[in-house]
Amino acid sequence: MSKDRIDLTNQFLIAMPGMADDAFAGSVVYMCEHNEKGALGLVINKPISLTVGNLFEKVELNLPDETLAARPVFYGGPVQTERGFVLHERLDEQGGHYNATLAIPGGLEMTTSRDVLEALSHGAGPRKLLVTLGYSGWAAGQLEEEIGRNGWLTVDAAPEIIFETPVEQRYERALALLGIDPRMLSTEAGHA
């Protein structure tokens, strides 16, 4: 790994207004992993028509927490859109660990195994979570190239934007971390 390689793990990618890819237009992506092999993230601001309760019904699990059941499932990205991803707070030692979990530096975890859903169905599991179908993935060097073409802004992630900020405010709040008002962004790069 070269010393000048950027690592965007635990950062937000914020799509610039001129983003040509409709899958990412207006998106805020939480970066779960970024290394020399590529990058993986989850879009945190694009709810789909499915609720967490609907998802639990599809996988034949009961979900007694009505507040959680009413939450939307999110479009995590265009890769493996039939697969679920749960972004959640890190659990303490007593909280349990799941079979397929990626610990993200900065305090969050991403789990893809059914056991996190089973824990939630029994009233256990993480309290702060976001459920997506699909993820966003980039091959080695691809994300760096998109950033170089002014496709994305990056900033250190703030968990409160993921878990506490209303969905419709997440893009603006992520930009505010950079001190940017979205009305000030141009859709064209390199023009004053």
# chains A, B, ... in the order shown; residues from 1 in each chain; ligands from 1
>>> residues_around(residues="Ser136 in chain A", least_positions_apart="3", cutoff="8 Å", atoms="only C-alpha atoms", output="PDB file with C-alpha atoms, in the first residue's frame")
ATOM      1  CA  VAL A  29     -22.786   7.201   0.927  1.00  0.00           C
ATOM      2  CA  LEU A  40     -17.714  -0.557  -0.300  1.00  0.00           C
ATOM      3  CA  GLY A  41     -20.339   1.821   1.052  1.00  0.00           C
ATOM      4  CA  LEU A  42     -24.049   2.177   1.771  1.00  0.00           C
ATOM      5  CA  VAL A  43     -26.307   4.994   0.553  1.00  0.00           C
ATOM      6  CA  GLY A  76     -27.785   0.889  -0.363  1.00  0.00           C
ATOM      7  CA  GLY A  77     -26.469   0.916  -3.902  1.00  0.00           C
ATOM      8  CA  PRO A  78     -26.697  -0.895  -7.234  1.00  0.00           C
ATOM      9  CA  VAL A  79     -24.750  -4.055  -6.253  1.00  0.00           C
TER      10      VAL A  79
END
>>> closest_atom_pairs(of="range 51-148 of chain A", to="range 163-175 of chain A", cutoff="8 Å", atoms="only C-alpha atoms", output="tab-separated table")
residue	atom	partner	partner_atom	distance
A:Lys128	CA	A:Phe163	CA	6.1
A:Leu129	CA	A:Phe163	CA	6.6
A:Leu130	CA	A:Phe163	CA	7.1
>>> select_by_dssp(residues="chain A", states="strand (DSSP E or B)", output="number ranges by chain")
A: 11-15, 28-35, 38-43, 47-51, 72-75, 79-89, 101-104, 108-111, 129-139, 152-156
>>> atom_distance(atom1="CA of Asp21 in chain A", atom2="CA of Thr9 in chain A")
21.8 Å
>>> closest_residue(among="A:Ala69, A:Leu143, A:His97, A:Ala15", to="Glu57 in chain A", atoms="only C-alpha atoms")
A:Ala69
>>> closest_residue(among="A:Thr111, A:Thr154, A:Thr132, A:Ser49", to="Gln80 in chain A", atoms="only C-alpha atoms")
A:Thr132
>>> residues_around(residues="Pro64 in chain A", least_positions_apart="6", cutoff="10 Å", atoms="only C-alpha atoms", output="list in words")
Gly53, Leu120, Ser121, His122 and Gly123 of chain A
>>> write_last_selection(atoms="C-alpha atoms", output="short mmCIF file (atom, residue, chain, number, x, y, z; two decimals), in the first residue's frame")
data_model
loop_
_atom_site.label_atom_id
_atom_site.label_comp_id
_atom_site.auth_asym_id
_atom_site.auth_seq_id
_atom_site.Cartn_x
_atom_site.Cartn_y
_atom_site.Cartn_z
CA GLY A 53 -41.41 -4.65 9.06
CA LEU A 120 -33.92 -7.79 16.65
CA SER A 121 -36.93 -10.10 16.38
CA HIS A 122 -36.29 -11.14 20.00
CA GLY A 123 -36.03 -7.54 21.22
#
>>> select_by_dssp(residues="range 50-132 of chain A", states="helix (DSSP H, G or I)", output="list of chain:residue names")
A:Val52, A:Gly53, A:Asn54, A:Leu55, A:Phe56, A:Glu57, A:Lys58, A:Glu66, A:Thr67, A:Leu68, A:Ala69, A:Ala70, A:Glu93, A:Gln94, A:Gly95, A:Asp115, A:Val116, A:Leu117, A:Glu118, A:Ala119, A:Leu120, A:Ser121
>>> write_last_selection(atoms="N, CA and C atoms", output="PDB file, in the first residue's frame")
ATOM      1  N   VAL A  52     -38.923  -1.823   7.257  1.00  0.00           N
ATOM      2  CA  VAL A  52     -38.194  -2.870   7.970  1.00  0.00           C
ATOM      3  C   VAL A  52     -39.167  -3.992   8.344  1.00  0.00           C
ATOM      4  N   GLY A  53     -40.394  -3.641   8.745  1.00  0.00           N
ATOM      5  CA  GLY A  53     -41.410  -4.647   9.061  1.00  0.00           C
ATOM      6  C   GLY A  53     -41.723  -5.543   7.874  1.00  0.00           C
ATOM      7  N   ASN A  54     -41.866  -4.936   6.678  1.00  0.00           N
ATOM      8  CA  ASN A  54     -42.103  -5.726   5.450  1.00  0.00           C
ATOM      9  C   ASN A  54     -40.948  -6.681   5.193  1.00  0.00           C
ATOM     10  N   LEU A  55     -39.732  -6.194   5.391  1.00  0.00           N
ATOM     11  CA  LEU A  55     -38.545  -7.021   5.178  1.00  0.00           C
ATOM     12  C   LEU A  55     -38.542  -8.217   6.129  1.00  0.00           C
ATOM     13  N   PHE A  56     -38.892  -7.983   7.393  1.00  0.00           N
ATOM     14  CA  PHE A  56     -38.945  -9.076   8.358  1.00  0.00           C
ATOM     15  C   PHE A  56     -40.001 -10.105   7.961  1.00  0.00           C
ATOM     16  N   GLU A  57     -41.144  -9.646   7.443  1.00  0.00           N
ATOM     17  CA  GLU A  57     -42.169 -10.583   6.965  1.00  0.00           C
ATOM     18  C   GLU A  57     -41.621 -11.442   5.828  1.00  0.00           C
ATOM     19  N   LYS A  58     -40.867 -10.823   4.911  1.00  0.00           N
ATOM     20  CA  LYS A  58     -40.311 -11.559   3.773  1.00  0.00           C
ATOM     21  C   LYS A  58     -39.334 -12.649   4.203  1.00  0.00           C
ATOM     22  N   GLU A  66     -42.683  -1.859  16.989  1.00  0.00           N
ATOM     23  CA  GLU A  66     -43.457  -1.197  15.928  1.00  0.00           C
ATOM     24  C   GLU A  66     -42.749   0.030  15.364  1.00  0.00           C
ATOM     25  N   THR A  67     -41.990   0.728  16.186  1.00  0.00           N
ATOM     26  CA  THR A  67     -41.253   1.897  15.702  1.00  0.00           C
ATOM     27  C   THR A  67     -40.201   1.473  14.692  1.00  0.00           C
ATOM     28  N   LEU A  68     -39.470   0.418  15.004  1.00  0.00           N
ATOM     29  CA  LEU A  68     -38.480  -0.114  14.073  1.00  0.00           C
ATOM     30  C   LEU A  68     -39.154  -0.667  12.819  1.00  0.00           C
ATOM     31  N   ALA A  69     -40.264  -1.347  12.989  1.00  0.00           N
ATOM     32  CA  ALA A  69     -40.982  -1.945  11.856  1.00  0.00           C
ATOM     33  C   ALA A  69     -41.442  -0.885  10.854  1.00  0.00           C
ATOM     34  N   ALA A  70     -41.736   0.322  11.344  1.00  0.00           N
ATOM     35  CA  ALA A  70     -42.228   1.384  10.471  1.00  0.00           C
ATOM     36  C   ALA A  70     -41.119   2.110   9.716  1.00  0.00           C
ATOM     37  N   GLU A  93     -19.471  -5.999  24.620  1.00  0.00           N
ATOM     38  CA  GLU A  93     -19.204  -7.437  24.748  1.00  0.00           C
ATOM     39  C   GLU A  93     -20.452  -8.245  25.096  1.00  0.00           C
ATOM     40  N   GLN A  94     -21.348  -7.664  25.887  1.00  0.00           N
ATOM     41  CA  GLN A  94     -22.568  -8.389  26.273  1.00  0.00           C
ATOM     42  C   GLN A  94     -23.632  -8.346  25.173  1.00  0.00           C
ATOM     43  N   GLY A  95     -23.472  -7.437  24.227  1.00  0.00           N
ATOM     44  CA  GLY A  95     -24.500  -7.236  23.222  1.00  0.00           C
ATOM     45  C   GLY A  95     -24.584  -8.314  22.169  1.00  0.00           C
ATOM     46  N   ASP A 115     -28.474 -13.431  11.579  1.00  0.00           N
ATOM     47  CA  ASP A 115     -28.531 -13.441  13.038  1.00  0.00           C
ATOM     48  C   ASP A 115     -28.792 -12.064  13.651  1.00  0.00           C
ATOM     49  N   VAL A 116     -28.394 -10.974  12.973  1.00  0.00           N
ATOM     50  CA  VAL A 116     -28.706  -9.647  13.506  1.00  0.00           C
ATOM     51  C   VAL A 116     -30.218  -9.415  13.449  1.00  0.00           C
ATOM     52  N   LEU A 117     -30.876  -9.900  12.387  1.00  0.00           N
ATOM     53  CA  LEU A 117     -32.338  -9.774  12.270  1.00  0.00           C
ATOM     54  C   LEU A 117     -33.032 -10.633  13.328  1.00  0.00           C
ATOM     55  N   GLU A 118     -32.497 -11.824  13.548  1.00  0.00           N
ATOM     56  CA  GLU A 118     -33.068 -12.706  14.579  1.00  0.00           C
ATOM     57  C   GLU A 118     -32.964 -12.066  15.956  1.00  0.00           C
ATOM     58  N   ALA A 119     -31.833 -11.429  16.253  1.00  0.00           N
ATOM     59  CA  ALA A 119     -31.673 -10.742  17.540  1.00  0.00           C
ATOM     60  C   ALA A 119     -32.710  -9.632  17.678  1.00  0.00           C
ATOM     61  N   LEU A 120     -32.917  -8.867  16.624  1.00  0.00           N
ATOM     62  CA  LEU A 120     -33.917  -7.793  16.652  1.00  0.00           C
ATOM     63  C   LEU A 120     -35.321  -8.348  16.838  1.00  0.00           C
ATOM     64  N   SER A 121     -35.591  -9.501  16.248  1.00  0.00           N
ATOM     65  CA  SER A 121     -36.931 -10.100  16.375  1.00  0.00           C
ATOM     66  C   SER A 121     -37.208 -10.547  17.808  1.00  0.00           C
TER      67      SER A 121
END
>>> atom_distance(atom1="CA of Ile104 in chain A", atom2="CA of Asn10 in chain A")
6.7 Å
>>> closest_residue(among="A:Leu61, A:Ala103, A:Ile6, A:Ile14", to="Val155 in chain A", atoms="only C-alpha atoms")
A:Ile14
>>> closest_residue(among="A:Ala140, A:Leu87, A:Ile180, A:Ala157", to="Gly106 in chain A", atoms="only C-alpha atoms")
A:Ala157
>>> closest_residue(among="A:Val86, A:Lys37, A:Gly137, A:Leu63", to="Phe24 in chain A", atoms="only C-alpha atoms")
A:Gly137
>>> residues_around(residues="Ala139 in chain A", least_positions_apart="4", cutoff="12 Å", atoms="only C-alpha atoms", output="compact mmCIF listing (two decimals) with N, CA and C atoms, in the first residue's frame")
# COMPACT_ATOMS: atom_id res chain seq x y z
N GLU A 33 -15.73 0.44 3.89
CA GLU A 33 -14.40 -0.12 3.66
C GLU A 33 -13.79 0.52 2.42
N HIS A 34 -12.50 0.85 2.50
CA HIS A 34 -11.79 1.40 1.36
C HIS A 34 -10.34 0.99 1.50
N ASN A 35 -9.88 0.19 0.57
CA ASN A 35 -8.49 -0.28 0.62
C ASN A 35 -7.97 -0.42 -0.80
N GLU A 36 -6.79 -1.02 -0.95
CA GLU A 36 -6.18 -1.14 -2.28
C GLU A 36 -6.99 -2.02 -3.23
N LYS A 37 -7.92 -2.82 -2.72
CA LYS A 37 -8.73 -3.70 -3.58
C LYS A 37 -9.99 -2.99 -4.10
N GLY A 38 -10.38 -1.89 -3.45
CA GLY A 38 -11.57 -1.17 -3.86
C GLY A 38 -12.31 -0.58 -2.67
N ALA A 39 -13.60 -0.32 -2.85
CA ALA A 39 -14.36 0.36 -1.81
C ALA A 39 -15.78 -0.19 -1.74
N LEU A 40 -16.34 -0.11 -0.55
CA LEU A 40 -17.71 -0.56 -0.30
C LEU A 40 -18.38 0.45 0.62
N LEU A 143 -12.98 4.65 -7.42
CA LEU A 143 -13.52 5.74 -6.61
C LEU A 143 -12.58 6.95 -6.65
N GLU A 144 -11.29 6.71 -6.56
CA GLU A 144 -10.32 7.80 -6.62
C GLU A 144 -10.45 8.57 -7.94
N GLU A 145 -10.68 7.83 -9.03
CA GLU A 145 -10.87 8.46 -10.34
C GLU A 145 -12.14 9.33 -10.34
N GLU A 146 -13.24 8.82 -9.77
CA GLU A 146 -14.49 9.59 -9.72
C GLU A 146 -14.31 10.86 -8.88
